[in-house]
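Peer 1: See data-v2.cif below, with mmCIF, C-alpha atoms.
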```cif
data_target
loop_
_atom_site.group_PDB
_atom_site.id
_atom_site.type_symbol
_atom_site.label_atom_id
_atom_site.label_comp_id
_atom_site.auth_asym_id
_atom_site.auth_seq_id
_atom_site.Cartn_x
_atom_site.Cartn_y
_atom_site.Cartn_z
ATOM 1 C CA MET A 1 80.241 -157.161 2.201
ATOM 2 C CA ILE A 2 79.421 -160.596 3.591
ATOM 3 C CA ASP A 3 81.791 -163.393 2.639
ATOM 4 C CA SER A 4 80.465 -166.562 1.029
ATOM 5 C CA ALA A 5 81.257 -168.784 4.019
ATOM 6 C CA SER A 6 79.330 -166.540 6.438
ATOM 7 C CA LEU A 7 76.414 -166.298 4.018
ATOM 8 C CA LYS A 8 76.245 -170.070 3.653
ATOM 9 C CA SER A 9 76.415 -170.533 7.420
ATOM 10 C CA ASP A 10 73.591 -168.031 8.009
ATOM 11 C CA LEU A 11 71.369 -169.661 5.386
ATOM 12 C CA LEU A 12 71.913 -173.191 6.662
ATOM 13 C CA GLU A 13 71.217 -172.025 10.214
ATOM 14 C CA LEU A 14 67.937 -170.498 8.993
ATOM 15 C CA SER A 15 67.057 -173.751 7.232
ATOM 16 C CA ARG A 16 67.722 -175.703 10.439
ATOM 17 C CA TYR A 17 65.551 -173.283 12.406
ATOM 18 C CA LEU A 18 62.686 -173.819 9.954
ATOM 19 C CA ASP A 19 63.415 -177.552 9.923
ATOM 20 C CA GLY A 20 63.504 -177.849 6.162
ATOM 21 C CA PRO A 21 64.641 -176.453 2.807
ATOM 22 C CA ILE A 22 64.093 -172.902 1.543
ATOM 23 C CA LEU A 23 63.723 -171.751 -2.063
ATOM 24 C CA GLY A 24 64.333 -168.267 -3.408
ATOM 25 C CA LEU A 25 63.690 -167.085 -6.968
ATOM 26 C CA ASP A 26 63.531 -163.865 -8.962
ATOM 27 C CA SER A 27 62.912 -163.689 -12.710
ATOM 28 C CA SER A 28 62.037 -160.006 -13.088
ATOM 29 C CA GLY A 29 65.141 -159.128 -15.107
ATOM 30 C CA PRO A 30 67.456 -160.533 -17.778
ATOM 31 C CA ILE A 31 69.086 -162.860 -15.234
ATOM 32 C CA THR A 32 66.926 -165.301 -13.271
ATOM 33 C CA SER A 33 68.289 -166.131 -9.831
ATOM 34 C CA LEU A 34 67.393 -169.398 -8.108
ATOM 35 C CA CYS A 35 68.670 -170.334 -4.651
ATOM 36 C CA CYS A 36 68.006 -173.631 -2.890
ATOM 37 C CA VAL A 37 68.982 -173.908 0.759
ATOM 38 C CA GLY A 38 69.148 -177.330 2.371
ATOM 39 C CA LEU A 39 67.717 -179.490 -0.412
ATOM 40 C CA GLU A 40 70.823 -181.509 0.340
ATOM 41 C CA GLN A 41 72.250 -181.445 3.841
ATOM 42 C CA GLY A 42 74.768 -178.646 4.240
ATOM 43 C CA VAL A 43 74.348 -177.385 0.661
ATOM 44 C CA VAL A 44 73.376 -173.923 -0.625
ATOM 45 C CA ASP A 45 72.814 -174.131 -4.384
ATOM 46 C CA GLU A 46 72.596 -170.747 -6.138
ATOM 47 C CA ARG A 47 72.100 -170.610 -9.898
ATOM 48 C CA GLU A 48 71.791 -167.943 -12.559
ATOM 49 C CA MET A 49 69.905 -168.411 -15.826
ATOM 50 C CA ASP A 50 69.652 -166.152 -18.850
ATOM 51 C CA ALA A 51 65.955 -165.323 -18.738
ATOM 52 C CA THR A 52 65.967 -163.754 -22.209
ATOM 53 C CA ALA A 53 66.986 -167.062 -23.819
ATOM 54 C CA LEU A 54 64.818 -169.467 -21.825
ATOM 55 C CA PRO A 55 61.250 -170.691 -22.354
ATOM 56 C CA SER A 56 58.804 -169.598 -19.677
ATOM 57 C CA ASP A 57 58.513 -173.116 -18.207
ATOM 58 C CA THR A 58 62.284 -173.606 -17.717
ATOM 59 C CA LEU A 59 62.255 -172.244 -14.165
ATOM 60 C CA ALA A 60 59.562 -174.679 -13.035
ATOM 61 C CA GLU A 61 61.309 -177.557 -14.810
ATOM 62 C CA THR A 62 64.637 -176.680 -13.169
ATOM 63 C CA ILE A 63 63.069 -176.692 -9.706
ATOM 64 C CA SER A 64 61.271 -179.960 -10.439
ATOM 65 C CA SER A 65 64.556 -181.558 -11.540
ATOM 66 C CA LEU A 66 66.316 -180.376 -8.388
ATOM 67 C CA LEU A 67 63.582 -181.875 -6.218
ATOM 68 C CA ARG A 68 63.857 -185.211 -8.050
ATOM 69 C CA GLU A 69 67.664 -185.249 -7.875
ATOM 70 C CA THR A 70 67.684 -184.558 -4.142
ATOM 71 C CA LYS A 71 64.665 -186.818 -3.466
ATOM 72 C CA THR A 72 62.880 -183.891 -1.830
ATOM 73 C CA GLN A 73 59.098 -183.733 -1.609
ATOM 74 C CA ALA A 74 57.736 -180.265 -2.330
ATOM 75 C CA GLU A 75 55.681 -180.525 0.869
ATOM 76 C CA ASN A 76 58.935 -180.560 2.861
ATOM 77 C CA ILE A 77 59.953 -177.076 1.678
ATOM 78 C CA LYS A 78 59.400 -174.616 4.520
ATOM 79 C CA ALA A 79 59.417 -171.304 2.632
ATOM 80 C CA ILE A 80 59.572 -169.761 -0.830
ATOM 81 C CA VAL A 81 60.934 -166.223 -1.240
ATOM 82 C CA VAL A 82 59.982 -164.664 -4.581
ATOM 83 C CA GLY A 83 60.764 -161.376 -6.296
ATOM 84 C CA ILE A 84 57.543 -159.566 -7.227
ATOM 85 C CA GLY A 85 58.947 -156.758 -9.378
ATOM 86 C CA PRO A 86 59.113 -154.190 -10.745
ATOM 87 C CA GLY A 87 60.785 -155.329 -13.934
ATOM 88 C CA SER A 88 59.861 -157.401 -16.964
ATOM 89 C CA PHE A 89 56.105 -158.011 -16.979
ATOM 90 C CA THR A 90 56.561 -161.493 -18.433
ATOM 91 C CA GLY A 91 59.419 -162.365 -16.101
ATOM 92 C CA ILE A 92 57.533 -161.261 -13.000
ATOM 93 C CA ARG A 93 54.495 -163.308 -14.026
ATOM 94 C CA VAL A 94 56.609 -166.413 -14.664
ATOM 95 C CA GLY A 95 58.370 -166.200 -11.304
ATOM 96 C CA LEU A 96 55.281 -165.433 -9.260
ATOM 97 C CA ALA A 97 53.175 -168.051 -11.044
ATOM 98 C CA THR A 98 55.856 -170.684 -10.409
ATOM 99 C CA ALA A 99 56.124 -169.753 -6.735
ATOM 100 C CA LYS A 100 52.349 -169.553 -6.233
ATOM 101 C CA GLY A 101 51.785 -172.870 -7.981
ATOM 102 C CA MET A 102 54.207 -174.602 -5.647
ATOM 103 C CA ALA A 103 52.903 -172.788 -2.579
ATOM 104 C CA LEU A 104 49.265 -173.601 -3.300
ATOM 105 C CA GLY A 105 49.922 -177.165 -4.393
ATOM 106 C CA ALA A 106 52.181 -178.130 -1.503
ATOM 107 C CA GLY A 107 51.033 -175.770 1.245
ATOM 108 C CA ILE A 108 54.331 -173.847 1.373
ATOM 109 C CA PRO A 109 54.466 -170.383 3.012
ATOM 110 C CA LEU A 110 55.198 -167.671 0.436
ATOM 111 C CA TYR A 111 57.173 -164.472 1.020
ATOM 112 C CA GLY A 112 57.272 -161.686 -1.561
ATOM 113 C CA ILE A 113 60.203 -159.300 -1.832
ATOM 114 C CA SER A 114 60.808 -156.281 -4.057
ATOM 115 C CA SER A 115 62.968 -157.183 -7.045
ATOM 116 C CA LEU A 116 64.663 -153.785 -6.729
ATOM 117 C CA GLY A 117 65.343 -154.696 -3.123
ATOM 118 C CA VAL A 118 66.973 -157.943 -4.275
ATOM 119 C CA LEU A 119 69.288 -155.976 -6.584
ATOM 120 C CA ALA A 120 70.092 -153.533 -3.784
ATOM 121 C CA LEU A 121 71.126 -156.429 -1.546
ATOM 122 C CA SER A 122 73.160 -157.930 -4.378
ATOM 123 C CA ALA A 123 75.213 -154.738 -4.778
ATOM 124 C CA GLN A 124 76.553 -155.295 -1.240
ATOM 125 C CA GLU A 125 77.002 -151.647 -0.315
ATOM 126 C CA PRO A 126 75.415 -149.792 2.630
ATOM 127 C CA TRP A 127 73.520 -147.381 0.344
ATOM 128 C CA VAL A 128 72.206 -148.467 -3.056
ATOM 129 C CA ALA A 129 70.059 -146.651 -5.612
ATOM 130 C CA LEU A 130 68.306 -148.592 -8.371
ATOM 131 C CA CYS A 131 67.673 -147.008 -11.754
ATOM 132 C CA SER A 132 66.326 -149.194 -14.585
ATOM 133 C CA ASP A 133 64.521 -148.380 -17.805
ATOM 134 C CA ALA A 134 60.728 -148.343 -17.471
ATOM 135 C CA ARG A 135 60.282 -146.813 -20.957
ATOM 136 C CA HIS A 136 58.240 -143.714 -21.774
ATOM 137 C CA ASP A 137 61.037 -141.512 -20.336
ATOM 138 C CA GLU A 138 60.724 -143.025 -16.880
ATOM 139 C CA VAL A 139 62.779 -145.356 -14.697
ATOM 140 C CA TYR A 140 62.027 -147.994 -12.103
ATOM 141 C CA CYS A 141 63.828 -146.591 -9.119
ATOM 142 C CA ALA A 142 64.351 -146.793 -5.373
ATOM 143 C CA LEU A 143 66.888 -146.016 -2.672
ATOM 144 C CA TYR A 144 67.771 -148.651 -0.083
ATOM 145 C CA ARG A 145 69.900 -148.809 3.034
ATOM 146 C CA ILE A 146 71.483 -152.191 3.738
ATOM 147 C CA ASP A 147 72.091 -152.629 7.454
ATOM 148 C CA ALA A 148 75.074 -154.455 8.928
ATOM 149 C CA ASP A 149 72.947 -157.525 9.645
ATOM 150 C CA GLY A 150 71.960 -157.749 5.984
ATOM 151 C CA SER A 151 68.426 -156.426 6.453
ATOM 152 C CA LEU A 152 66.844 -154.081 3.938
ATOM 153 C CA ASP A 153 65.349 -150.638 4.556
ATOM 154 C CA SER A 154 63.507 -148.705 1.850
ATOM 155 C CA VAL A 155 64.362 -144.984 2.075
ATOM 156 C CA VAL A 156 62.891 -143.959 -1.291
ATOM 157 C CA ALA A 157 60.116 -146.424 -2.074
ATOM 158 C CA ASP A 158 59.992 -148.424 -5.296
ATOM 159 C CA GLY A 159 58.362 -146.364 -8.000
ATOM 160 C CA THR A 160 58.272 -145.266 -11.618
ATOM 161 C CA ARG A 161 59.597 -141.719 -11.964
ATOM 162 C CA THR A 162 61.510 -139.415 -14.270
ATOM 163 C CA GLN A 163 65.242 -139.349 -13.674
ATOM 164 C CA ALA A 164 64.988 -135.716 -12.569
ATOM 165 C CA SER A 165 62.391 -136.446 -9.893
ATOM 166 C CA PHE A 166 64.377 -139.433 -8.658
ATOM 167 C CA PHE A 167 67.529 -137.316 -8.404
ATOM 168 C CA ALA A 168 65.626 -134.777 -6.300
ATOM 169 C CA LEU A 169 64.511 -137.514 -3.915
ATOM 170 C CA ILE A 170 68.048 -138.887 -3.628
ATOM 171 C CA SER A 171 69.456 -135.410 -3.011
ATOM 172 C CA ASN A 172 67.033 -134.909 -0.131
ATOM 173 C CA ALA A 173 67.911 -138.313 1.310
ATOM 174 C CA ILE A 174 71.659 -137.588 1.126
ATOM 175 C CA GLY A 175 71.258 -134.610 3.423
ATOM 176 C CA GLU A 176 68.650 -136.161 5.679
ATOM 177 C CA HIS A 177 70.506 -139.429 6.287
ATOM 178 C CA GLY A 178 74.109 -138.227 6.029
ATOM 179 C CA ILE A 179 74.934 -140.548 3.135
ATOM 180 C CA GLY A 180 78.637 -140.378 2.295
ATOM 181 C CA ARG A 181 78.856 -142.880 -0.563
ATOM 182 C CA LEU A 182 76.269 -144.296 -2.932
ATOM 183 C CA ARG A 183 76.222 -147.203 -5.358
ATOM 184 C CA VAL A 184 73.855 -146.834 -8.319
ATOM 185 C CA VAL A 185 72.936 -149.952 -10.298
ATOM 186 C CA GLY A 186 70.578 -150.752 -13.152
ATOM 187 C CA ASP A 187 70.580 -150.392 -16.915
ATOM 188 C CA CYS A 188 70.122 -146.609 -16.599
ATOM 189 C CA ALA A 189 72.688 -146.187 -13.814
ATOM 190 C CA GLU A 190 75.523 -144.844 -15.957
ATOM 191 C CA SER A 191 73.379 -142.344 -17.850
ATOM 192 C CA PHE A 192 71.733 -141.260 -14.593
ATOM 193 C CA CYS A 193 75.083 -140.641 -12.904
ATOM 194 C CA ALA A 194 76.478 -138.822 -15.956
ATOM 195 C CA ALA A 195 73.471 -136.505 -16.192
ATOM 196 C CA HIS A 196 73.392 -135.377 -12.549
ATOM 197 C CA HIS A 197 75.889 -133.762 -10.208
ATOM 198 C CA PHE A 198 76.147 -135.480 -6.835
ATOM 199 C CA SER A 199 77.674 -133.937 -3.726
ATOM 200 C CA ILE A 200 79.044 -137.304 -2.566
ATOM 201 C CA GLU A 201 81.064 -140.217 -3.945
ATOM 202 C CA VAL A 202 78.920 -142.196 -6.388
ATOM 203 C CA MET A 203 79.731 -145.541 -7.995
ATOM 204 C CA GLY A 204 77.629 -146.295 -11.055
ATOM 205 C CA SER A 205 77.214 -149.724 -12.623
ATOM 206 C CA ASP A 206 74.861 -150.683 -15.424
ATOM 207 C CA PHE A 207 74.650 -154.320 -14.354
ATOM 208 C CA CYS A 208 74.109 -156.177 -11.114
ATOM 209 C CA SER A 209 72.775 -159.719 -11.146
ATOM 210 C CA PRO A 210 70.219 -160.675 -8.485
ATOM 211 C CA LYS A 211 71.426 -162.895 -5.650
ATOM 212 C CA MET A 212 68.535 -164.663 -3.987
ATOM 213 C CA ALA A 213 70.841 -166.104 -1.343
ATOM 214 C CA LEU A 214 71.237 -162.577 0.018
ATOM 215 C CA ALA A 215 67.491 -161.975 -0.283
ATOM 216 C CA ILE A 216 66.668 -165.093 1.752
ATOM 217 C CA ARG A 217 69.133 -163.976 4.423
ATOM 218 C CA ALA A 218 67.562 -160.506 4.508
ATOM 219 C CA MET A 219 64.123 -162.076 4.971
ATOM 220 C CA GLY A 220 65.337 -164.218 7.862
ATOM 221 C CA LYS A 221 63.343 -162.479 10.601
ATOM 222 C CA ARG A 222 60.104 -162.715 8.612
ATOM 223 C CA LEU A 223 60.731 -166.386 7.953
ATOM 224 C CA ARG A 224 61.493 -167.093 11.596
ATOM 225 C CA ASP A 225 58.395 -165.161 12.680
ATOM 226 C CA LYS A 226 56.343 -166.994 10.014
ATOM 227 C CA LYS A 227 54.990 -163.694 8.658
ATOM 228 C CA SER A 228 54.224 -165.025 5.201
ATOM 229 C CA ASP A 229 52.141 -163.321 2.539
ATOM 230 C CA CYS A 230 48.656 -164.398 1.527
ATOM 231 C CA ILE A 231 49.197 -166.637 -1.478
ATOM 232 C CA THR A 232 46.007 -165.600 -3.241
ATOM 233 C CA THR A 233 46.474 -161.845 -2.825
ATOM 234 C CA LEU A 234 50.243 -161.480 -3.323
ATOM 235 C CA SER A 235 50.411 -159.534 -6.589
ATOM 236 C CA PRO A 236 53.038 -158.499 -9.132
ATOM 237 C CA GLN A 237 54.552 -155.072 -8.514
ATOM 238 C CA TYR A 238 54.454 -153.798 -12.083
ATOM 239 C CA MET A 239 54.661 -150.065 -11.253
ATOM 240 C CA ARG A 240 53.366 -149.057 -14.681
ATOM 241 C CA ARG A 241 50.523 -149.871 -17.004
ATOM 242 C CA THR A 242 50.867 -152.351 -19.848
ATOM 243 C CA ALA A 243 50.763 -151.119 -23.453
ATOM 244 C CA ALA A 244 47.254 -152.537 -23.794
ATOM 245 C CA GLU A 245 46.074 -150.551 -20.773
ATOM 246 C CA ARG A 246 47.650 -147.339 -22.081
ATOM 247 C CA ASN A 247 45.972 -147.827 -25.466
ATOM 248 C CA GLN A 248 42.506 -148.317 -24.021
ATOM 249 C CA LYS A 249 40.090 -145.520 -24.866
#
```
Would you give me this structure, written as structure tokens?

Peer 2:
Amino acid sequence: MIDSASLKSDLLELSRYLDGPILGLDSSGPITSLCCVGLEQGVVDEREMDATALPSDTLAETISSLLRETKTQAENIKAIVVGIGPGSFTGIRVGLATAKGMALGAGIPLYGISSLGVLALSAQEPWVALCSDARHDEVYCALYRIDADGSLDSVVADGTRTQASFFALISNAIGEHGIGRLRVVGDCAESFCAAHHFSIEVMGSDFCSPKMALAIRAMGKRLRDKKSDCITTLSPQYMRRTAAERNQK
């Protein structure tokens, strides 16, 4: 687990390397995470907002207020890291639309990251499984390895699966990778852990708030290498069809 002082130091060093501020945001779940690195010299500002109680334009207004307060021109921002899902359809759209609007309007490089990956980083354990309700007897799920340098490695890719099929994939990964301890997070984590017998130590938690500070740090190499995504083609990672699509004849 990285301590807050080391995290802040790493983020500010990344901001200095890019020669300007960095924004990170994810609004795919009930908690919206917003992280601003270097809007003010030496400051990392990380905020959480209750997405279920906020109007869709609150995120954009919050960012706009921060830019005004710090007298920062949007054009001076060097990178935006945004969660692209899976998760709440509305939340993903709000976050990605906000990030794309800023990126297109001010010419800011845009970097998409899996929202499940953000939660995996936020759990701060070497091995993290994500298990969240996708409805229709399925879960949004993935298995990630968090390396010592804070980078993210997808072992079981993000997907929408039944709990039974996800457990089978995890069981295979446990043997293949020699996993000794696993953290499971998400709103289906407790029921998933209770329903399946694991051969290793498992810690289940039904809640883990996203921490975009950790996501920005994990994306550091991509940011340094300027391997941004195409703004026009970066798409939401919904992982399942909308109700309207399912009801189409």

Peer 1: Identify the residues within 8 Å of coordinate (53.5, -180.6, 1.7) (same frame as the file), considering all atoms listed in the file, and give the answer as a PyMOL selection string.

Peer 2: chain A and resi 73-77+105-108

Peer 1: Restrict the selected residues to C-alpha atoms and save them as a PDB file, in the coordinates of the input.

Peer 2:
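Output saved as again.pdb:
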```pdb
ATOM      1  CA  GLN A  73      59.098-183.733  -1.609  1.00  0.00           C
ATOM      2  CA  ALA A  74      57.736-180.265  -2.330  1.00  0.00           C
ATOM      3  CA  GLU A  75      55.681-180.525   0.869  1.00  0.00           C
ATOM      4  CA  ASN A  76      58.935-180.560   2.861  1.00  0.00           C
ATOM      5  CA  ILE A  77      59.953-177.076   1.678  1.00  0.00           C
ATOM      6  CA  GLY A 105      49.922-177.165  -4.393  1.00  0.00           C
ATOM      7  CA  ALA A 106      52.181-178.130  -1.503  1.00  0.00           C
ATOM      8  CA  GLY A 107      51.033-175.770   1.245  1.00  0.00           C
ATOM      9  CA  ILE A 108      54.331-173.847   1.373  1.00  0.00           C
TER      10      ILE A 108
END
```

Peer 1: Output as CSV one row per residue of region 126-192 of chain A within 10 Å of region 206-221 of chain A: the closest atom pair and its distance in Å to one decimal place, counting only C-alpha atoms, sorted by chain and residue number ascending.

Peer 2:
```
residue,atom,partner,partner_atom,distance
A:Leu130,CA,A:Asp206,CA,9.9
A:Cys131,CA,A:Asp206,CA,8.9
A:Ser132,CA,A:Asp206,CA,8.7
A:Ile146,CA,A:Ala218,CA,9.2
A:Asp147,CA,A:Ala218,CA,9.6
A:Asp149,CA,A:Ala218,CA,8.0
A:Gly150,CA,A:Ala218,CA,5.4
A:Ser151,CA,A:Ala218,CA,4.6
A:Leu152,CA,A:Ala218,CA,6.5
A:Val184,CA,A:Asp206,CA,8.1
A:Val185,CA,A:Asp206,CA,5.5
A:Gly186,CA,A:Asp206,CA,4.8
A:Asp187,CA,A:Asp206,CA,4.5
A:Cys188,CA,A:Asp206,CA,6.4
A:Ala189,CA,A:Asp206,CA,5.2
A:Glu190,CA,A:Asp206,CA,5.9
A:Ser191,CA,A:Asp206,CA,8.8
A:Phe192,CA,A:Asp206,CA,10.0
```

Peer 1: Mind giving me the straight-line distance from CA of Glu48 (chain A) to CA of Thr62 (chain A) in Å, one decimal?

Peer 2: 11.3 Å

Peer 1: Might you pull out every residue within 6 Å of region 134-143 of chain A, with only C-alpha atoms counted and same-chain residues fewer than 3 positions away left off, and present them as a list in words?

Peer 2: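 Final neighbour list, sorted by chain and number: Val128, Ala129, Leu130, Cys131, Val155, Val156, Ala157, Asp158, Gly159, Thr160, Arg161 and Thr162 of chain A.
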
Peer 1: Which value, in Å to one decimal, gives the distance between CA of Lys226 (chain A) and CA of Leu67 (chain A)?

Peer 2: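 Result for CA of Lys226 (chain A) versus CA of Leu67 (chain A): 23.2 Å, one decimal.
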
Peer 1: Please list as a list in words every residue within 9 Å of Gly38 (chain A), counting all atoms listed in the file and excluding residues in the same chain fewer than 5 positions away.

Peer 2: Leu11, Leu12, Ser15, Arg16, Gly20, Pro21, Ile22, Leu23, Val43, Val44 and Asp45 of chain A

Peer 1: Could you tell me which residues the PyMOL selection byres ((chain A and resi 236) around 9) grabs in this file, written as a ChimeraX atom specification?

Peer 2: /A:83-86,89,92-93,96,234-235,237-239

Peer 1: May I ask which of the residues A:Asp19, A:Glu176, A:Asp26, A:Glu13 is the closest one to Gly87 (chain A), counting all atoms listed in the file?

Peer 2: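 Nearest candidate to Gly87 (chain A) out of A:Asp19, A:Glu176, A:Asp26, A:Glu13: A:Asp26.
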
Peer 1: If I take CA of Arg47 (chain A) and CA of Tyr17 (chain A), how far is one from the other in Å, to one decimal?

Peer 2: 23.4 Å

Peer 1: Would you write out, as a list in words, every residue that the PyMOL selection byres ((chain A and resi 52) around 12) captures in this file?

Peer 2: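 Listing what the PyMOL selection byres ((chain A and resi 52) around 12) selects in the shown file: Ser27, Ser28, Gly29, Pro30, Ile31, Thr32, Met49, Asp50, Ala51, Ala53, Leu54, Pro55, Ser56, Thr58, Ser88, Thr90 and Gly91 of chain A.
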
Peer 1: Considering all atoms listed in the file, state which residue in the set A:Lys8, A:His197, A:Lys78, A:Arg224 is at the smallest distance from Pro109 (chain A).

Peer 2: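 Checking each of A:Lys8, A:His197, A:Lys78, A:Arg224 against Pro109 (chain A), counting all atoms listed in the file, the winner is A:Lys78.
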
Peer 1: Write out, as CSV, each residue of region 31-133 of chain A that has an atom at most 12 Å from region 2-5 of chain A, together with the closest pair of atoms and their distance in Å to one decimal, counting all atoms listed in the file, rows going by chain and rising number.

Peer 2:
```
residue,atom,partner,partner_atom,distance
A:Gly42,CA,A:Ala5,CA,11.8
A:Val43,CA,A:Ala5,CA,11.5
A:Val44,CA,A:Ser4,CA,10.4
A:Glu46,CA,A:Ser4,CA,11.4
A:Leu121,CA,A:Ile2,CA,10.6
A:Ser122,CA,A:Ile2,CA,10.5
A:Ala123,CA,A:Ile2,CA,11.0
A:Gln124,CA,A:Ile2,CA,7.7
A:Glu125,CA,A:Ile2,CA,10.1
A:Pro126,CA,A:Ile2,CA,11.6
```

Peer 1: Given the selection you just returned, output its residues as a file containing C-alpha atoms, formatted as a PDB file, keeping the file's coordinate frame.

Peer 2:
```pdb
ATOM      1  CA  GLY A  42      74.768-178.646   4.240  1.00  0.00           C
ATOM      2  CA  VAL A  43      74.348-177.385   0.661  1.00  0.00           C
ATOM      3  CA  VAL A  44      73.376-173.923  -0.625  1.00  0.00           C
ATOM      4  CA  GLU A  46      72.596-170.747  -6.138  1.00  0.00           C
ATOM      5  CA  LEU A 121      71.126-156.429  -1.546  1.00  0.00           C
ATOM      6  CA  SER A 122      73.160-157.930  -4.378  1.00  0.00           C
ATOM      7  CA  ALA A 123      75.213-154.738  -4.778  1.00  0.00           C
ATOM      8  CA  GLN A 124      76.553-155.295  -1.240  1.00  0.00           C
ATOM      9  CA  GLU A 125      77.002-151.647  -0.315  1.00  0.00           C
ATOM     10  CA  PRO A 126      75.415-149.792   2.630  1.00  0.00           C
TER      11      PRO A 126
END
```

Peer 1: Evaluated on this file, the PyMOL selection byres ((chain A and resi 202) around 7) picks out some residues - which ones are they, written as a ChimeraX atom specification?

Peer 2: /A:181-183,200-201,203-204

Peer 1: Using all atoms listed in the file, which of A:Ala103, A:Ala97, A:Leu66, A:Leu7 sits nearest Cys230 (chain A)?

Peer 2: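 Nearest candidate to Cys230 (chain A) out of A:Ala103, A:Ala97, A:Leu66, A:Leu7: A:Ala103.
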
Peer 1: Counting all atoms listed in the file, which of A:Thr98, A:Ser199, A:Gln41, A:Thr233 gets nearest to Ile63 (chain A)?

Peer 2: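 For Ile63 (chain A), the nearest of the given residues is A:Thr98.
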
Peer 1: Please produce region 76-81 of chain A, completed to all heavy atoms, as a PDB file, in the coordinates of the input.

Peer 2:
```
ATOM      1  N   ASN A  76      57.929-180.726   1.813  1.00  0.00           N
ATOM      2  CA  ASN A  76      58.935-180.560   2.861  1.00  0.00           C
ATOM      3  C   ASN A  76      59.609-179.190   2.835  1.00  0.00           C
ATOM      4  O   ASN A  76      60.343-178.832   3.765  1.00  0.00           O
ATOM      5  CB  ASN A  76      60.004-181.645   2.748  1.00  0.00           C
ATOM      6  CG  ASN A  76      59.455-183.025   3.054  1.00  0.00           C
ATOM      7  OD1 ASN A  76      58.491-183.157   3.807  1.00  0.00           O
ATOM      8  ND2 ASN A  76      60.046-184.052   2.464  1.00  0.00           N
ATOM      9  N   ILE A  77      59.385-178.423   1.764  1.00  0.00           N
ATOM     10  CA  ILE A  77      59.953-177.076   1.678  1.00  0.00           C
ATOM     11  C   ILE A  77      59.229-176.170   2.665  1.00  0.00           C
ATOM     12  O   ILE A  77      58.003-176.149   2.728  1.00  0.00           O
ATOM     13  CB  ILE A  77      59.846-176.527   0.241  1.00  0.00           C
ATOM     14  CG1 ILE A  77      60.680-177.392  -0.701  1.00  0.00           C
ATOM     15  CG2 ILE A  77      60.307-175.072   0.174  1.00  0.00           C
ATOM     16  CD1 ILE A  77      60.490-177.064  -2.165  1.00  0.00           C
ATOM     17  N   LYS A  78      59.983-175.411   3.438  1.00  0.00           N
ATOM     18  CA  LYS A  78      59.400-174.616   4.520  1.00  0.00           C
ATOM     19  C   LYS A  78      59.090-173.181   4.142  1.00  0.00           C
ATOM     20  O   LYS A  78      58.332-172.498   4.843  1.00  0.00           O
ATOM     21  CB  LYS A  78      60.344-174.623   5.735  1.00  0.00           C
ATOM     22  CG  LYS A  78      60.597-176.014   6.300  1.00  0.00           C
ATOM     23  CD  LYS A  78      59.287-176.690   6.686  1.00  0.00           C
ATOM     24  CE  LYS A  78      59.534-178.085   7.257  1.00  0.00           C
ATOM     25  NZ  LYS A  78      58.278-178.778   7.593  1.00  0.00           N
ATOM     26  N   ALA A  79      59.670-172.688   3.034  1.00  0.00           N
ATOM     27  CA  ALA A  79      59.417-171.304   2.632  1.00  0.00           C
ATOM     28  C   ALA A  79      59.876-171.092   1.202  1.00  0.00           C
ATOM     29  O   ALA A  79      60.857-171.697   0.756  1.00  0.00           O
ATOM     30  CB  ALA A  79      60.140-170.331   3.557  1.00  0.00           C
ATOM     31  N   ILE A  80      59.149-170.228   0.491  1.00  0.00           N
ATOM     32  CA  ILE A  80      59.572-169.761  -0.830  1.00  0.00           C
ATOM     33  C   ILE A  80      59.614-168.238  -0.780  1.00  0.00           C
ATOM     34  O   ILE A  80      58.632-167.590  -0.414  1.00  0.00           O
ATOM     35  CB  ILE A  80      58.604-170.199  -1.947  1.00  0.00           C
ATOM     36  CG1 ILE A  80      58.510-171.726  -2.021  1.00  0.00           C
ATOM     37  CG2 ILE A  80      59.057-169.630  -3.291  1.00  0.00           C
ATOM     38  CD1 ILE A  80      57.476-172.215  -3.023  1.00  0.00           C
ATOM     39  N   VAL A  81      60.775-167.672  -1.135  1.00  0.00           N
ATOM     40  CA  VAL A  81      60.934-166.223  -1.240  1.00  0.00           C
ATOM     41  C   VAL A  81      60.966-165.870  -2.720  1.00  0.00           C
ATOM     42  O   VAL A  81      61.771-166.428  -3.477  1.00  0.00           O
ATOM     43  CB  VAL A  81      62.226-165.756  -0.543  1.00  0.00           C
ATOM     44  CG1 VAL A  81      62.387-164.246  -0.693  1.00  0.00           C
ATOM     45  CG2 VAL A  81      62.216-166.154   0.933  1.00  0.00           C
TER      46      VAL A  81
END
```
